[in-house]
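**Student:** The structure under discussion is supplied below as structure tokens; questions concerning it will follow.
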Amino acid sequence: MKFDLFIKKPLHTLQMEAQGDEDGKGLKKTLTAFNLTMLGIGAVIGAGIFVLTGNAAAQYAGPSIVISFIISGLACAFAGLCYAEFAAMIPIAGSAYTYAYATLGELIAWIIGWDLILEYMFAASTVAVGWSGYVTNFLKENLKLEIPSYLTNSPILYDVEKGWISTGSFINFPAVFIVVLVSTLLVIGIRESVKFNNVIVIIKVVVILLFIAFGASYITAENLTPFIPENDGTFGHFGWSGILRGAGVIFFSYIGFDAVSTAAQEAKNPQRDMPIGILASLAVCTIIYILVALVLTGIIKYDQLNSPNPIAVAIDSVGGTLAWLSPLIKLGAIAGLSSVVLVMLMGQPRIFYSMSKDGLLPPLFSKLHSKFKTPYISTIITGFFASLLAGFLPISLLGELVSIGTLLAFAIVCIGVMVLRVKQPNANRPFKAPFIWVTGTLGAAFAFIQMLGLPADTWIRLIIWMALGFLIYFLYGKFNSVLQKKNAE
């Protein structure tokens, strides 16, 4: 049997798959443009707005962090436009994996599919650990209920100089709890999960809007002056270089909008609704980020915002008049992180589903529940491993792996769109990214530049992870690939 590692999946085959099986065994088509937009907002607005905004302002950009958010939003918009073109054209559950299969070939598709596990499953675990911290703090400070520390922390930490260190804790139980709860909800059904997501997205957006509305009256010109603090002589420490450094840091606040594309096969009208969901969620989140940054740095001097809870710090600095808002902000953060966990845990099983349908993973990964029509086995497997990661590993180690996986996906999607424009210029494109040679090139360039800025040990972990992936592909995937078998006939 002759293998073609770069064999491509024909577009007409993908588009037929997108219609679902005639006997009704495909994924349920229940999502509207509104649902998809809410999924995008649910994925993006999380730890970034509640933590990174203040940290980046304090360390890099000052009040001009507003400009950093605009730059980052534009960078994500390039990738978002490319995702939107693919999602409307090939509305399949696999996201960047499927797009790569159609444009760059099977091996590249496998690489990106395996890589996306770093984004979705590891991101769910990372955010679950953050959720645990907020919940523990809220229970202790606001409800006077304290969970023993040995049940709320990772049993190990990693120090660059000392290596692995035992913390004396047993397990991060709240982090495990939220992963198990969300996984159960996802098994029950996409419609129920989306309804839950819609509710918590509304809660966190309302809380953020309350902060913007009530905080705006406490903005002082003194706190916003100078708007661009003078550079202190070091690149990235204020001035225009600080704005650029700030944009790089908060770029990761936008991670997650691409998760909308994993639900393409469950959209009622994907050709219309997918671009709306991806681009509308990006636009809404960018506007919210800019307004929060402006109010935050206007209420309190930027150098006081280097805190895990910068919004709460800003509210507390005002005094008793906004004290009522502090617990609501914590609840908003908890809601925000909950929806991120949900969308990440929803995305991963659907990538497994597509890879399994293509024969690159065992059939059990694409098995649908007889009643709920959800990929329940892959959801349970994802939830199991995500809960282990969240319960026993520190957030720093988990978080490092998420960014590099996401950026690689962004770059491949941007390149793939341009490749398909050349290879199949006459293919049906319900949505076309404008100025594709500018949009695609800048989208890929932004992603690669960000990857180069990541620490060396993150690259080492990526290489080890990819080596494991190659092993699975060459021992199982290529021999069971549906496309390879058809090609050999």
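Labels used: A, B, ... for chains in the order of the structure tokens, numbers from 1 for residues in each chain, and numbers from 1 for ligands as shown.
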Go through region 1-190 of chain A and collect every residue that DSSP, computed from the backbone, puts in alpha helix (DSSP H); the answer should be as a ChimeraX atom specification.
**Tutor:** /A:11-18,33-44,47,53-56,65-89,96-103,106-142,173-188,190
**Student:** Tell me, as a list in words, which residues lie within 10 Å of Asn269 (chain A), counting only C-alpha atoms; anything in the same chain fewer than 3 positions away does not count.
**Tutor:**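 Near neighbours after the sequence-gap exclusion: Lys29, Thr30, Leu31, Thr32, Ala33, Ala88, Pro91, Ala264, Gln265, Glu266, Arg272, Asp273 and Met274 of chain A.
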**Student:** When you look at region 180-188 of chain A with a cut-off of 10 Å (counting only C-alpha atoms), what residues show up, excluding the ones that are within fewer than 4 positions of it in the same chain? I need them as a PDB file with N, CA and C atoms, in the first residue's frame.
**Tutor:**
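Generated file (around-v7.pdb):
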ATOM      1  N   PRO A 174     -11.565  21.866  43.616  1.00  0.00           N
ATOM      2  CA  PRO A 174     -12.506  22.707  42.863  1.00  0.00           C
ATOM      3  C   PRO A 174     -12.243  22.687  41.352  1.00  0.00           C
ATOM      4  N   ALA A 175     -10.966  22.625  40.963  1.00  0.00           N
ATOM      5  CA  ALA A 175     -10.628  22.589  39.539  1.00  0.00           C
ATOM      6  C   ALA A 175     -11.136  21.303  38.894  1.00  0.00           C
ATOM      7  N   VAL A 176     -10.977  20.189  39.607  1.00  0.00           N
ATOM      8  CA  VAL A 176     -11.489  18.912  39.112  1.00  0.00           C
ATOM      9  C   VAL A 176     -13.011  18.960  39.022  1.00  0.00           C
ATOM     10  N   GLU A 192     -28.351  22.137  25.466  1.00  0.00           N
ATOM     11  CA  GLU A 192     -28.361  22.433  26.900  1.00  0.00           C
ATOM     12  C   GLU A 192     -27.089  23.168  27.301  1.00  0.00           C
ATOM     13  N   SER A 193     -25.955  22.745  26.746  1.00  0.00           N
ATOM     14  CA  SER A 193     -24.678  23.388  27.060  1.00  0.00           C
ATOM     15  C   SER A 193     -24.670  24.840  26.603  1.00  0.00           C
ATOM     16  N   VAL A 194     -25.222  25.067  25.408  1.00  0.00           N
ATOM     17  CA  VAL A 194     -25.259  26.423  24.857  1.00  0.00           C
ATOM     18  C   VAL A 194     -26.170  27.314  25.689  1.00  0.00           C
ATOM     19  N   PHE A 196     -26.751  27.017  28.880  1.00  0.00           N
ATOM     20  CA  PHE A 196     -25.985  27.309  30.093  1.00  0.00           C
ATOM     21  C   PHE A 196     -24.939  28.378  29.802  1.00  0.00           C
ATOM     22  N   SER A 338     -15.994  29.990  33.954  1.00  0.00           N
ATOM     23  CA  SER A 338     -16.831  28.803  33.743  1.00  0.00           C
ATOM     24  C   SER A 338     -17.158  28.623  32.266  1.00  0.00           C
ATOM     25  N   SER A 339     -17.506  29.721  31.598  1.00  0.00           N
ATOM     26  CA  SER A 339     -17.873  29.615  30.183  1.00  0.00           C
ATOM     27  C   SER A 339     -16.663  29.287  29.312  1.00  0.00           C
ATOM     28  N   VAL A 341     -14.138  27.346  30.276  1.00  0.00           N
ATOM     29  CA  VAL A 341     -13.969  25.895  30.462  1.00  0.00           C
ATOM     30  C   VAL A 341     -14.957  25.146  29.578  1.00  0.00           C
ATOM     31  N   LEU A 342     -16.200  25.611  29.544  1.00  0.00           N
ATOM     32  CA  LEU A 342     -17.232  24.935  28.753  1.00  0.00           C
ATOM     33  C   LEU A 342     -16.876  24.926  27.268  1.00  0.00           C
ATOM     34  N   VAL A 343     -16.495  26.084  26.722  1.00  0.00           N
ATOM     35  CA  VAL A 343     -16.230  26.156  25.284  1.00  0.00           C
ATOM     36  C   VAL A 343     -14.982  25.356  24.914  1.00  0.00           C
ATOM     37  N   LEU A 345     -13.827  22.663  26.498  1.00  0.00           N
ATOM     38  CA  LEU A 345     -14.168  21.238  26.601  1.00  0.00           C
ATOM     39  C   LEU A 345     -15.176  20.820  25.535  1.00  0.00           C
ATOM     40  N   MET A 346     -15.865  21.765  24.943  1.00  0.00           N
ATOM     41  CA  MET A 346     -16.746  21.467  23.825  1.00  0.00           C
ATOM     42  C   MET A 346     -15.949  21.314  22.532  1.00  0.00           C
ATOM     43  N   PRO A 349     -13.497  17.533  21.950  1.00  0.00           N
ATOM     44  CA  PRO A 349     -14.126  16.292  21.473  1.00  0.00           C
ATOM     45  C   PRO A 349     -14.571  16.364  20.015  1.00  0.00           C
ATOM     46  N   LEU A 368     -21.413   8.536  18.640  1.00  0.00           N
ATOM     47  CA  LEU A 368     -22.385   9.496  19.160  1.00  0.00           C
ATOM     48  C   LEU A 368     -23.360   8.811  20.109  1.00  0.00           C
ATOM     49  N   HIS A 369     -23.795   9.560  21.102  1.00  0.00           N
ATOM     50  CA  HIS A 369     -24.775   9.037  22.056  1.00  0.00           C
ATOM     51  C   HIS A 369     -26.108   8.830  21.329  1.00  0.00           C
ATOM     52  N   LYS A 371     -29.143   8.967  22.272  1.00  0.00           N
ATOM     53  CA  LYS A 371     -30.202   9.919  22.599  1.00  0.00           C
ATOM     54  C   LYS A 371     -29.767  11.369  22.401  1.00  0.00           C
ATOM     55  N   PHE A 372     -28.592  11.724  22.931  1.00  0.00           N
ATOM     56  CA  PHE A 372     -28.181  13.125  22.956  1.00  0.00           C
ATOM     57  C   PHE A 372     -27.479  13.580  21.666  1.00  0.00           C
ATOM     58  N   LYS A 373     -27.027  12.621  20.836  1.00  0.00           N
ATOM     59  CA  LYS A 373     -26.320  12.934  19.592  1.00  0.00           C
ATOM     60  C   LYS A 373     -25.064  13.767  19.835  1.00  0.00           C
ATOM     61  N   THR A 374     -24.389  13.501  20.923  1.00  0.00           N
ATOM     62  CA  THR A 374     -23.121  14.167  21.224  1.00  0.00           C
ATOM     63  C   THR A 374     -21.992  13.133  21.186  1.00  0.00           C
ATOM     64  N   PRO A 375     -20.759  13.558  20.856  1.00  0.00           N
ATOM     65  CA  PRO A 375     -19.619  12.629  20.874  1.00  0.00           C
ATOM     66  C   PRO A 375     -19.218  12.332  22.323  1.00  0.00           C
ATOM     67  N   TYR A 376     -20.030  11.497  22.983  1.00  0.00           N
ATOM     68  CA  TYR A 376     -19.942  11.383  24.444  1.00  0.00           C
ATOM     69  C   TYR A 376     -18.681  10.679  24.935  1.00  0.00           C
ATOM     70  N   ILE A 377     -18.192   9.690  24.185  1.00  0.00           N
ATOM     71  CA  ILE A 377     -16.987   8.989  24.655  1.00  0.00           C
ATOM     72  C   ILE A 377     -15.773   9.915  24.603  1.00  0.00           C
ATOM     73  N   SER A 378     -15.626  10.652  23.485  1.00  0.00           N
ATOM     74  CA  SER A 378     -14.485  11.580  23.395  1.00  0.00           C
ATOM     75  C   SER A 378     -14.634  12.727  24.399  1.00  0.00           C
ATOM     76  N   THR A 379     -15.881  13.110  24.723  1.00  0.00           N
ATOM     77  CA  THR A 379     -16.108  14.141  25.744  1.00  0.00           C
ATOM     78  C   THR A 379     -15.686  13.638  27.119  1.00  0.00           C
ATOM     79  N   ILE A 380     -16.031  12.381  27.426  1.00  0.00           N
ATOM     80  CA  ILE A 380     -15.648  11.782  28.710  1.00  0.00           C
ATOM     81  C   ILE A 380     -14.135  11.628  28.810  1.00  0.00           C
ATOM     82  N   ILE A 381     -13.502  11.181  27.716  1.00  0.00           N
ATOM     83  CA  ILE A 381     -12.041  11.015  27.710  1.00  0.00           C
ATOM     84  C   ILE A 381     -11.354  12.371  27.902  1.00  0.00           C
ATOM     85  N   THR A 382     -11.834  13.383  27.168  1.00  0.00           N
ATOM     86  CA  THR A 382     -11.268  14.741  27.301  1.00  0.00           C
ATOM     87  C   THR A 382     -11.433  15.248  28.726  1.00  0.00           C
ATOM     88  N   GLY A 383     -12.642  15.083  29.280  1.00  0.00           N
ATOM     89  CA  GLY A 383     -12.915  15.539  30.644  1.00  0.00           C
ATOM     90  C   GLY A 383     -12.058  14.833  31.673  1.00  0.00           C
ATOM     91  N   PHE A 384     -11.832  13.531  31.465  1.00  0.00           N
ATOM     92  CA  PHE A 384     -11.025  12.747  32.404  1.00  0.00           C
ATOM     93  C   PHE A 384      -9.591  13.279  32.462  1.00  0.00           C
ATOM     94  N   ALA A 386      -8.447  16.182  31.278  1.00  0.00           N
ATOM     95  CA  ALA A 386      -8.418  17.594  31.678  1.00  0.00           C
ATOM     96  C   ALA A 386      -8.540  17.732  33.189  1.00  0.00           C
ATOM     97  N   SER A 387      -9.353  16.883  33.810  1.00  0.00           N
ATOM     98  CA  SER A 387      -9.513  16.945  35.265  1.00  0.00           C
ATOM     99  C   SER A 387      -8.233  16.511  35.976  1.00  0.00           C
TER     100      SER A 387
END
**Student:** So that I can check the surroundings of Gly405 (chain A), please list as a PyMOL selection string every protein, DNA and RNA residue that reaches within 6 Å of it, counting only C-alpha atoms and ignoring chain neighbours fewer than 2 positions away.
**Tutor:** chain A and resi 115-116+118-119+402-403+407-408
**Student:** Now that the selection is made, can you save its residues with C-alpha atoms as a compact mmCIF listing (two decimals), in the first residue's frame?
**Tutor:**
# COMPACT_ATOMS: atom_id res chain seq x y z
CA ASP A 115 -1.46 20.45 18.30
CA LEU A 116 -5.01 21.68 19.01
CA LEU A 118 -2.64 21.80 23.58
CA GLU A 119 -5.06 24.65 22.99
CA VAL A 402 -1.69 26.71 25.46
CA SER A 403 -0.30 29.74 23.65
CA LEU A 407 -0.63 30.39 17.48
CA LEU A 408 0.43 27.44 15.33
**Student:** As a ChimeraX atom specification, please: the residues near region 297-314 of chain A (cut-off 9 Å, only C-alpha atoms, same-chain neighbours under 5 positions excluded).
**Tutor:** /A:49-59,61-65,211,215-224,292,325-327,329-330
**Student:** Would you list the contacts of Leu151 (chain A) as a list in words, taking every protein, DNA or RNA residue within 7 Å and counting only C-alpha atoms, but skipping same-chain residues closer than 2 positions in sequence?
**Tutor:** Ile147, Pro148, Ser149, Asn153, Ser169, Phe170, Ile171, Asn172 and Phe173 of chain A
**Student:** Include N, CA and C atoms and write out the residues we just selected as a short mmCIF file (atom, residue, chain, number, x, y, z; two decimals), in the first residue's frame.
**Tutor:**
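Okay, this is what ended up in out.cif:
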data_model
loop_
_atom_site.label_atom_id
_atom_site.label_comp_id
_atom_site.auth_asym_id
_atom_site.auth_seq_id
_atom_site.Cartn_x
_atom_site.Cartn_y
_atom_site.Cartn_z
N ILE A 147 -12.11 26.37 52.38
CA ILE A 147 -11.76 25.00 51.99
C ILE A 147 -10.31 24.78 52.37
N PRO A 148 -9.97 23.64 52.99
CA PRO A 148 -8.57 23.39 53.37
C PRO A 148 -7.63 23.55 52.17
N SER A 149 -6.48 24.15 52.40
CA SER A 149 -5.55 24.45 51.31
C SER A 149 -5.05 23.20 50.61
N ASN A 153 -5.01 23.22 45.95
CA ASN A 153 -3.75 23.53 45.27
C ASN A 153 -3.15 22.28 44.63
N SER A 169 0.09 19.71 49.34
CA SER A 169 -1.34 19.59 49.02
C SER A 169 -1.62 18.21 48.43
N PHE A 170 -2.91 17.86 48.42
CA PHE A 170 -3.31 16.55 47.89
C PHE A 170 -3.85 16.66 46.47
N ILE A 171 -4.76 17.61 46.25
CA ILE A 171 -5.39 17.77 44.94
C ILE A 171 -6.09 19.13 44.88
N ASN A 172 -6.20 19.69 43.69
CA ASN A 172 -6.98 20.91 43.51
C ASN A 172 -8.42 20.49 43.19
N PHE A 173 -9.17 20.23 44.25
CA PHE A 173 -10.50 19.65 44.08
C PHE A 173 -11.48 20.55 43.32
#
**Student:** Tell me, as a PDB file with N, CA and C atoms, in the first residue's frame, which residues lie within 10 Å of Phe479 (chain A), counting only C-alpha atoms; anything in the same chain fewer than 4 positions away does not count.
**Tutor:**
ATOM      1  N   MET A   1       0.853  -1.201   0.000  1.00  0.00           N
ATOM      2  CA  MET A   1       0.000   0.000   0.000  1.00  0.00           C
ATOM      3  C   MET A   1       0.884   1.244   0.000  1.00  0.00           C
ATOM      4  N   PHE A   3       1.649   5.125   0.426  1.00  0.00           N
ATOM      5  CA  PHE A   3       1.118   6.216   1.247  1.00  0.00           C
ATOM      6  C   PHE A   3       1.521   7.564   0.677  1.00  0.00           C
ATOM      7  N   GLY A 359     -10.473   8.249  10.211  1.00  0.00           N
ATOM      8  CA  GLY A 359      -9.690   7.037  10.434  1.00  0.00           C
ATOM      9  C   GLY A 359      -8.357   7.268  11.120  1.00  0.00           C
ATOM     10  N   LEU A 360      -8.031   8.525  11.451  1.00  0.00           N
ATOM     11  CA  LEU A 360      -6.733   8.817  12.061  1.00  0.00           C
ATOM     12  C   LEU A 360      -6.708   8.516  13.557  1.00  0.00           C
ATOM     13  N   TYR A 473       0.619   8.731  14.712  1.00  0.00           N
ATOM     14  CA  TYR A 473       0.215   8.785  13.306  1.00  0.00           C
ATOM     15  C   TYR A 473       0.869   7.678  12.483  1.00  0.00           C
ATOM     16  N   PHE A 474       2.186   7.513  12.656  1.00  0.00           N
ATOM     17  CA  PHE A 474       2.892   6.544  11.817  1.00  0.00           C
ATOM     18  C   PHE A 474       2.662   5.095  12.252  1.00  0.00           C
ATOM     19  N   LEU A 475       2.214   4.879  13.498  1.00  0.00           N
ATOM     20  CA  LEU A 475       1.913   3.521  13.955  1.00  0.00           C
ATOM     21  C   LEU A 475       0.444   3.154  13.779  1.00  0.00           C
ATOM     22  N   GLN A 484      -6.373   7.368   2.703  1.00  0.00           N
ATOM     23  CA  GLN A 484      -5.258   6.556   2.199  1.00  0.00           C
ATOM     24  C   GLN A 484      -5.772   5.241   1.615  1.00  0.00           C
ATOM     25  N   LYS A 485      -6.769   4.663   2.282  1.00  0.00           N
ATOM     26  CA  LYS A 485      -7.337   3.391   1.793  1.00  0.00           C
ATOM     27  C   LYS A 485      -8.033   3.577   0.458  1.00  0.00           C
TER      28      LYS A 485
END
**Student:** Which residue is closest to Ile288 (chain A)? Choose from A:Tyr60, A:Phe34, A:Tyr134, A:Phe69 and count only C-alpha atoms.
**Tutor:** A:Phe69
**Student:** Kindly give the distance, in Å, that separates CA of Leu39 (chain A) and CA of Val179 (chain A), rounded to a single decimal.
**Tutor:**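 Between CA of Leu39 (chain A) and CA of Val179 (chain A) the gap works out to 17.3 Å.
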**Student:** Which is closer to Tyr83 (chain A) than all the others in A:Ala259, A:Ala323, A:Val413, A:Ala283, using only C-alpha atoms?
**Tutor:**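 Nearest to Tyr83 (chain A): A:Val413.
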**Student:** Find, counting only C-alpha atoms, the residue in A:Thr439, A:Val199, A:Ile70, A:Ala390 that gets nearest to Ser132 (chain A).
**Tutor:**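 With only C-alpha atoms as the atom set, the closest residue is A:Ala390.
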**Student:** DSSP on the backbone: what in region 135-215 of chain A comes out strand (DSSP E), as a list in words?
**Tutor:**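 So, restricting region 135-215 of chain A to strand (DSSP E), we get Ile156, Leu157, Tyr158, Asp159, Gly163, Trp164, Ile165 and Ser166 of chain A.
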**Student:** By how many Å are CA of Lys9 (chain A) and CA of Ala433 (chain A) apart?
**Tutor:**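 Atom-to-atom, CA of Lys9 (chain A) and CA of Ala433 (chain A) are spaced 21.9 Å apart.
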**Student:** Return the single residue from A:Gly133, A:Gly105, A:Gly73, A:Gly40 that is closest to Pro394 (chain A), with distances computed using only C-alpha atoms.
**Tutor:**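 Smallest separation from Pro394 (chain A) among the options: A:Gly133.
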